[in-house]
>>> print(open('model_7.cif').read())   # mmCIF, C-alpha atoms
data_protein
#
loop_
_atom_site.group_PDB
_atom_site.id
_atom_site.type_symbol
_atom_site.label_atom_id
_atom_site.label_comp_id
_atom_site.auth_asym_id
_atom_site.auth_seq_id
_atom_site.Cartn_x
_atom_site.Cartn_y
_atom_site.Cartn_z
ATOM 1 C CA MET A 1 125.838 65.789 68.159
ATOM 2 C CA PRO A 2 128.063 68.865 68.706
ATOM 3 C CA ALA A 3 128.383 70.403 72.158
ATOM 4 C CA ILE A 4 125.992 73.232 72.891
ATOM 5 C CA ALA A 5 127.774 76.528 72.260
ATOM 6 C CA ALA A 6 125.175 78.560 74.110
ATOM 7 C CA ARG A 7 121.941 78.462 76.010
ATOM 8 C CA VAL A 8 119.862 81.399 74.785
ATOM 9 C CA TYR A 9 116.811 83.137 76.185
ATOM 10 C CA VAL A 10 114.818 85.631 74.106
ATOM 11 C CA PHE A 11 113.320 88.237 76.416
ATOM 12 C CA PRO A 12 109.699 89.119 75.687
ATOM 13 C CA SER A 13 109.371 91.597 72.848
ATOM 14 C CA HIS A 14 107.245 91.913 69.743
ATOM 15 C CA PRO A 15 105.752 88.450 69.051
ATOM 16 C CA LEU A 16 107.047 88.393 65.477
ATOM 17 C CA VAL A 17 110.593 89.211 66.618
ATOM 18 C CA GLN A 18 110.393 86.452 69.245
ATOM 19 C CA LEU A 19 109.126 83.999 66.646
ATOM 20 C CA VAL A 20 111.933 84.838 64.188
ATOM 21 C CA CYS A 21 114.623 84.613 66.892
ATOM 22 C CA GLY A 22 113.207 81.347 68.203
ATOM 23 C CA ARG A 23 113.133 79.833 64.708
ATOM 24 C CA ILE A 24 116.724 80.880 63.972
ATOM 25 C CA ILE A 25 118.081 79.607 67.296
ATOM 26 C CA SER A 26 116.152 76.325 67.129
ATOM 27 C CA SER A 27 117.529 75.626 63.645
ATOM 28 C CA GLN A 28 121.109 75.577 64.991
ATOM 29 C CA GLN A 29 122.403 72.338 66.524
ATOM 30 C CA ASP A 30 124.843 74.089 68.833
ATOM 31 C CA LEU A 31 122.361 76.664 70.203
ATOM 32 C CA HIS A 32 119.691 75.818 72.735
ATOM 33 C CA LEU A 33 116.608 77.980 73.283
ATOM 34 C CA VAL A 34 115.675 77.985 76.984
ATOM 35 C CA SER A 35 112.906 79.374 79.167
ATOM 36 C CA ALA A 36 113.230 82.281 81.603
ATOM 37 C CA GLU A 37 113.492 79.893 84.569
ATOM 38 C CA GLU A 38 116.564 78.119 83.183
ATOM 39 C CA LEU A 39 120.160 79.316 83.245
ATOM 40 C CA PHE A 40 121.307 80.924 80.002
ATOM 41 C CA ASP A 41 124.536 82.282 78.549
ATOM 42 C CA VAL A 42 123.118 84.824 76.107
ATOM 43 C CA GLY A 43 120.029 86.940 76.643
ATOM 44 C CA ILE A 44 118.456 88.578 73.612
ATOM 45 C CA PHE A 45 116.803 91.912 74.351
ATOM 46 C CA ASP A 46 114.744 94.236 72.178
ATOM 47 C CA SER A 47 115.737 97.909 72.264
ATOM 48 C CA ALA A 48 112.105 98.808 71.499
ATOM 49 C CA ASP A 49 111.210 97.668 75.027
ATOM 50 C CA LYS A 50 110.419 100.847 76.957
ATOM 51 C CA GLU A 51 111.981 99.350 80.078
ATOM 52 C CA ILE A 52 115.117 97.973 78.430
ATOM 53 C CA ASP A 53 117.483 99.380 81.066
ATOM 54 C CA ASP A 54 115.485 97.775 83.887
ATOM 55 C CA ALA A 55 115.303 94.460 82.017
ATOM 56 C CA LEU A 56 119.080 94.448 81.468
ATOM 57 C CA ALA A 57 119.784 95.325 85.109
ATOM 58 C CA GLU A 58 117.417 92.651 86.411
ATOM 59 C CA ALA A 59 118.896 89.986 84.114
ATOM 60 C CA HIS A 60 122.436 90.888 85.220
ATOM 61 C CA LYS A 61 121.377 90.693 88.858
ATOM 62 C CA ARG A 62 119.963 87.193 88.366
ATOM 63 C CA LEU A 63 122.715 85.920 86.048
ATOM 64 C CA PRO A 64 125.871 88.061 86.360
ATOM 65 C CA LYS A 65 127.710 86.018 83.705
ATOM 66 C CA MET A 66 124.909 86.373 81.140
ATOM 67 C CA HIS A 67 125.938 88.185 77.938
ATOM 68 C CA PRO A 68 123.246 90.508 76.555
ATOM 69 C CA LEU A 69 122.638 90.825 72.824
ATOM 70 C CA LEU A 70 120.443 93.712 71.770
ATOM 71 C CA MET A 71 118.214 93.946 68.709
ATOM 72 C CA ALA A 72 117.527 97.430 67.372
ATOM 73 C CA GLU A 73 115.569 98.926 64.518
ATOM 74 C CA SER A 74 118.326 101.390 63.711
ATOM 75 C CA ILE A 75 121.869 101.473 64.999
ATOM 76 C CA ASP A 76 123.149 104.731 66.417
ATOM 77 C CA GLU A 77 126.873 104.686 67.185
ATOM 78 C CA ASN A 78 126.617 106.733 70.393
ATOM 79 C CA GLN A 79 123.663 104.728 71.691
ATOM 80 C CA CYS A 80 125.459 101.417 71.006
ATOM 81 C CA LEU A 81 128.514 102.557 72.928
ATOM 82 C CA ARG A 82 126.345 103.789 75.804
ATOM 83 C CA TRP A 83 124.561 100.420 75.985
ATOM 84 C CA MET A 84 127.922 98.667 76.087
ATOM 85 C CA ILE A 85 129.455 100.965 78.688
ATOM 86 C CA LEU A 86 126.478 101.429 80.987
ATOM 87 C CA SER A 87 124.481 98.220 80.522
ATOM 88 C CA GLY A 88 127.107 95.626 79.663
ATOM 89 C CA VAL A 89 125.603 94.862 76.253
ATOM 90 C CA ARG A 90 127.985 92.582 74.343
ATOM 91 C CA GLY A 91 126.435 92.924 70.913
ATOM 92 C CA VAL A 92 123.906 94.792 68.793
ATOM 93 C CA ILE A 93 122.071 93.558 65.695
ATOM 94 C CA ALA A 94 119.711 95.513 63.459
ATOM 95 C CA TYR A 95 116.325 93.862 62.914
ATOM 96 C CA ASP A 96 116.994 93.584 59.195
ATOM 97 C CA LYS A 97 120.183 91.573 59.885
ATOM 98 C CA LEU A 98 118.633 88.963 62.224
ATOM 99 C CA GLU A 99 118.290 86.265 59.578
ATOM 100 C CA SER A 100 121.869 86.586 58.363
ATOM 101 C CA THR A 101 123.772 87.265 61.595
ATOM 102 C CA LEU A 102 121.881 86.220 64.733
ATOM 103 C CA ALA A 103 123.353 82.704 65.082
ATOM 104 C CA VAL A 104 126.907 83.898 64.417
ATOM 105 C CA ALA A 105 126.494 86.819 66.841
ATOM 106 C CA ILE A 106 125.241 84.496 69.594
ATOM 107 C CA ARG A 107 128.267 82.215 69.143
ATOM 108 C CA HIS A 108 130.674 85.163 69.352
ATOM 109 C CA ILE A 109 129.014 86.616 72.418
ATOM 110 C CA ALA A 110 128.802 83.220 74.143
ATOM 111 C CA HIS A 111 132.578 82.975 73.724
ATOM 112 C CA ASP A 112 133.079 86.353 75.415
ATOM 113 C CA GLN A 113 133.555 88.336 72.221
ATOM 114 C CA ILE A 114 131.790 91.508 71.139
ATOM 115 C CA TRP A 115 129.464 91.676 68.136
ATOM 116 C CA LEU A 116 128.916 95.120 66.641
ATOM 117 C CA PRO A 117 128.223 96.499 63.204
ATOM 118 C CA ALA A 118 131.526 97.506 61.606
ATOM 119 C CA ARG A 119 130.703 101.210 61.607
ATOM 120 C CA VAL A 120 129.977 101.156 65.360
ATOM 121 C CA ALA A 121 133.227 99.346 66.104
ATOM 122 C CA MET A 122 135.143 101.793 63.905
ATOM 123 C CA TYR A 123 133.431 104.742 65.589
ATOM 124 C CA GLY A 124 134.445 103.402 69.020
ATOM 125 C CA LEU A 125 138.029 102.903 67.897
ATOM 126 C CA LEU A 126 138.175 106.387 66.418
ATOM 127 C CA MET A 127 136.770 107.896 69.609
ATOM 128 C CA GLU A 128 139.371 106.133 71.718
ATOM 129 C CA ALA A 129 142.226 106.753 69.292
ATOM 130 C CA GLY A 130 141.348 110.390 68.872
ATOM 131 C CA ALA A 131 141.152 110.277 65.050
ATOM 132 C CA PRO A 132 138.523 112.715 63.738
ATOM 133 C CA GLN A 133 137.904 114.172 67.159
ATOM 134 C CA PRO A 134 138.219 117.823 67.988
ATOM 135 C CA ARG A 135 141.617 119.119 68.964
ATOM 136 C CA PHE A 136 141.704 121.086 72.158
ATOM 137 C CA PRO A 137 144.379 123.614 73.062
ATOM 138 C CA GLY A 138 147.534 122.594 74.852
ATOM 139 C CA ASN A 139 146.511 124.408 78.016
ATOM 140 C CA LEU A 140 144.048 121.582 78.764
ATOM 141 C CA THR A 141 145.520 118.669 80.665
ATOM 142 C CA ARG A 142 145.396 115.274 78.985
ATOM 143 C CA THR A 143 142.477 114.252 81.221
ATOM 144 C CA GLU A 144 140.616 117.499 80.554
ATOM 145 C CA ALA A 145 141.050 116.998 76.800
ATOM 146 C CA ARG A 146 139.620 113.478 77.103
ATOM 147 C CA VAL A 147 136.662 114.713 79.151
ATOM 148 C CA ALA A 148 136.144 117.555 76.644
ATOM 149 C CA ARG A 149 135.984 115.003 73.777
ATOM 150 C CA LEU A 150 133.475 112.902 75.704
ATOM 151 C CA LEU A 151 131.369 115.966 76.571
ATOM 152 C CA SER A 152 131.401 117.133 72.961
ATOM 153 C CA ALA A 153 130.328 113.613 71.885
ATOM 154 C CA GLY A 154 127.163 114.127 73.944
ATOM 155 C CA LEU A 155 127.884 111.805 76.862
ATOM 156 C CA SER A 156 126.392 112.617 80.259
ATOM 157 C CA TYR A 157 128.461 113.191 83.391
ATOM 158 C CA LYS A 158 127.406 109.748 84.638
ATOM 159 C CA GLU A 159 128.511 108.075 81.396
ATOM 160 C CA ILE A 160 131.833 109.916 81.523
ATOM 161 C CA CYS A 161 132.288 108.737 85.140
ATOM 162 C CA THR A 162 131.851 105.165 83.974
ATOM 163 C CA ILE A 163 134.322 105.550 81.106
ATOM 164 C CA THR A 164 136.976 107.413 83.093
ATOM 165 C CA ASN A 165 136.405 105.501 86.339
ATOM 166 C CA THR A 166 136.066 108.710 88.367
ATOM 167 C CA GLU A 167 133.517 110.343 90.651
ATOM 168 C CA ILE A 168 130.909 112.703 89.258
ATOM 169 C CA THR A 169 132.385 115.606 91.260
ATOM 170 C CA THR A 170 135.725 115.027 89.511
ATOM 171 C CA VAL A 171 134.107 115.068 86.073
ATOM 172 C CA LYS A 172 132.206 118.254 86.949
ATOM 173 C CA SER A 173 135.446 119.808 88.175
ATOM 174 C CA HIS A 174 137.136 118.912 84.877
ATOM 175 C CA ALA A 175 134.184 120.428 82.981
ATOM 176 C CA THR A 176 134.482 123.661 84.996
ATOM 177 C CA ASN A 177 138.215 123.828 84.258
ATOM 178 C CA ILE A 178 137.611 123.126 80.547
ATOM 179 C CA TYR A 179 134.985 125.867 80.283
ATOM 180 C CA SER A 180 137.243 128.311 82.108
ATOM 181 C CA LYS A 181 140.325 127.556 79.999
ATOM 182 C CA LEU A 182 138.354 127.746 76.736
ATOM 183 C CA ARG A 183 136.466 130.833 77.945
ATOM 184 C CA ILE A 184 133.090 129.221 77.308
ATOM 185 C CA HIS A 185 130.070 128.715 79.567
ATOM 186 C CA SER A 186 128.111 125.666 78.390
ATOM 187 C CA ARG A 187 128.240 122.309 76.684
ATOM 188 C CA ARG A 188 126.562 123.888 73.652
ATOM 189 C CA GLU A 189 129.451 126.353 73.389
ATOM 190 C CA LEU A 190 131.917 123.452 73.812
ATOM 191 C CA LEU A 191 130.267 121.614 70.928
ATOM 192 C CA ALA A 192 130.373 124.762 68.780
ATOM 193 C CA TRP A 193 134.014 125.317 69.756
ATOM 194 C CA SER A 194 134.969 121.708 68.981
ATOM 195 C CA THR A 195 133.405 121.788 65.519
ATOM 196 C CA THR A 196 135.285 124.942 64.563
ATOM 197 C CA ALA A 197 138.645 123.917 66.085
#
>>> encode(input="model_7.cif", output="structure tokens")
Amino acid sequence: MPAIAARVYVFPSHPLVQLVCGRIISSQQDLHLVSAEELFDVGIFDSADKEIDDALAEAHKRLPKMHPLLMAESIDENQCLRWMILSGVRGVIAYDKLESTLAVAIRHIAHDQIWLPARVAMYGLLMEAGAPQPRFPGNLTRTEARVARLLSAGLSYKEICTITNTEITTVKSHATNIYSKLRIHSRRELLAWSTTA
């Protein structure tokens, strides 16, 4: 019998989703479905849970090395990246892809890899690389230009703090400088400016 690749716990969600996940995991020789009281490597969460953020935080507190995998009805690129940055989510699977990808995703995540739909991964790479992002004038510093891109992508000050590893006062200071240099007064104007630049 092959070694167990991962111990997996499916957090309570819709009963049908739990049943499908349980069936898929149990059909794999190298995956082991466990109860909430046992240690597990991969936790499967449902984004439809109204208290998803609390559930993720509590699971991380109990098992800091646990890798969360999130199921979602639809996959929004910004939301996926936020879950990864703020909640430590290691993978996201659409409900309609559970049958075809759940077991493979669990194996990847258990081996400390990330599992994302291709378009989300590409979106993240493009954001970081600066590909189809707005160009800001040369009078912005490099850091201000990065913060401006993140602001125009709709991220909150707190999310930008996490990404840039800075304090919220620093991010707000950058935002003030950006608005001043671009002669604008709000995030809405920044978004309008970035789409016409």
>>> closest_residue(input="model_7.cif", among="A:Asn165, A:Thr170, A:Ser100, A:Ser156", to="A:Gln79", atoms="only C-alpha atoms")
A:Ser156
>>> resolve_selection(input="model_7.cif", expression="the PyMOL selection byres ((chain A and resi 25) around 12)", output="mmCIF file with C-alpha atoms, keeping the file's coordinate frame")
data_model
loop_
_atom_site.group_PDB
_atom_site.id
_atom_site.type_symbol
_atom_site.label_atom_id
_atom_site.label_comp_id
_atom_site.auth_asym_id
_atom_site.auth_seq_id
_atom_site.Cartn_x
_atom_site.Cartn_y
_atom_site.Cartn_z
ATOM 1 C CA ILE A 4 125.992 73.232 72.891
ATOM 2 C CA ALA A 5 127.774 76.528 72.260
ATOM 3 C CA ALA A 6 125.175 78.560 74.110
ATOM 4 C CA ARG A 7 121.941 78.462 76.010
ATOM 5 C CA VAL A 8 119.862 81.399 74.785
ATOM 6 C CA TYR A 9 116.811 83.137 76.185
ATOM 7 C CA VAL A 10 114.818 85.631 74.106
ATOM 8 C CA GLN A 18 110.393 86.452 69.245
ATOM 9 C CA LEU A 19 109.126 83.999 66.646
ATOM 10 C CA VAL A 20 111.933 84.838 64.188
ATOM 11 C CA CYS A 21 114.623 84.613 66.892
ATOM 12 C CA GLY A 22 113.207 81.347 68.203
ATOM 13 C CA ARG A 23 113.133 79.833 64.708
ATOM 14 C CA ILE A 24 116.724 80.880 63.972
ATOM 15 C CA SER A 26 116.152 76.325 67.129
ATOM 16 C CA SER A 27 117.529 75.626 63.645
ATOM 17 C CA GLN A 28 121.109 75.577 64.991
ATOM 18 C CA GLN A 29 122.403 72.338 66.524
ATOM 19 C CA ASP A 30 124.843 74.089 68.833
ATOM 20 C CA LEU A 31 122.361 76.664 70.203
ATOM 21 C CA HIS A 32 119.691 75.818 72.735
ATOM 22 C CA LEU A 33 116.608 77.980 73.283
ATOM 23 C CA VAL A 34 115.675 77.985 76.984
ATOM 24 C CA VAL A 42 123.118 84.824 76.107
ATOM 25 C CA ILE A 44 118.456 88.578 73.612
ATOM 26 C CA LEU A 98 118.633 88.963 62.224
ATOM 27 C CA GLU A 99 118.290 86.265 59.578
ATOM 28 C CA SER A 100 121.869 86.586 58.363
ATOM 29 C CA THR A 101 123.772 87.265 61.595
ATOM 30 C CA LEU A 102 121.881 86.220 64.733
ATOM 31 C CA ALA A 103 123.353 82.704 65.082
ATOM 32 C CA VAL A 104 126.907 83.898 64.417
ATOM 33 C CA ALA A 105 126.494 86.819 66.841
ATOM 34 C CA ILE A 106 125.241 84.496 69.594
ATOM 35 C CA ARG A 107 128.267 82.215 69.143
#
>>> residues_around(input="model_7.cif", residues="A:Pro12", least_positions_apart="4", cutoff="12 Å", atoms="all atoms listed in the file", output="count of residues only")
19
>>> resolve_selection(input="model_7.cif", expression="the PyMOL selection byres ((chain A and resi 177) around 12)", output="PyMOL selection string")
chain A and resi 139-141+143-145+147-148+170-176+178-186
>>> residues_around(input="model_7.cif", residues="A:Ala57", least_positions_apart="2", cutoff="12 Å", atoms="all atoms listed in the file", output="list in words")
Gly43, Phe45, Glu51, Ile52, Asp53, Asp54, Ala55, Ala59, His60, Lys61, Arg62, Leu63, Pro64, Met66, His67, Pro68, Trp83, Leu86, Ser87, Gly88 and Val89 of chain A
>>> closest_residue(input="model_7.cif", among="A:Leu190, A:Ile163, A:Leu150, A:Cys80", to="A:Leu116", atoms="only C-alpha atoms")
A:Cys80
>>> atom_distance(input="model_7.cif", atom1="atom CA of A:His108", atom2="atom CA of A:Glu159")
26.0 Å
>>> axis_aligned_box(input="model_7.cif", around="stretch 72-85 of chain A", padding_each_side="3 Å", output="JSON")
{"center_x": 122.5, "center_y": 102.1, "center_z": 71.2, "size_x": 19.9, "size_y": 15.3, "size_z": 21.0}
>>> atom_distance(input="model_7.cif", atom1="atom CA of A:Glu38", atom2="atom CA of A:Ile85")
26.6 Å
>>> closest_residue(input="model_7.cif", among="A:Cys161, A:Leu191, A:Leu69, A:Ala110", to="A:Arg90", atoms="all atoms listed in the file")
A:Leu69
>>> atom_distance(input="model_7.cif", atom1="atom CA of A:Met84", atom2="atom CA of A:Trp115")
10.7 Å
>>> closest_residue(input="model_7.cif", among="A:Glu73, A:Lys158, A:Lys65, A:Arg187", to="A:His111", atoms="all atoms listed in the file")
A:Lys65
>>> closest_residue(input="model_7.cif", among="A:Arg188, A:Leu70, A:Asp41, A:Leu155", to="A:Asp112", atoms="all atoms listed in the file")
A:Asp41
>>> closest_residue(input="model_7.cif", among="A:Ala94, A:Leu39, A:Ala153, A:Leu56", to="A:Ile75", atoms="only C-alpha atoms")
A:Ala94
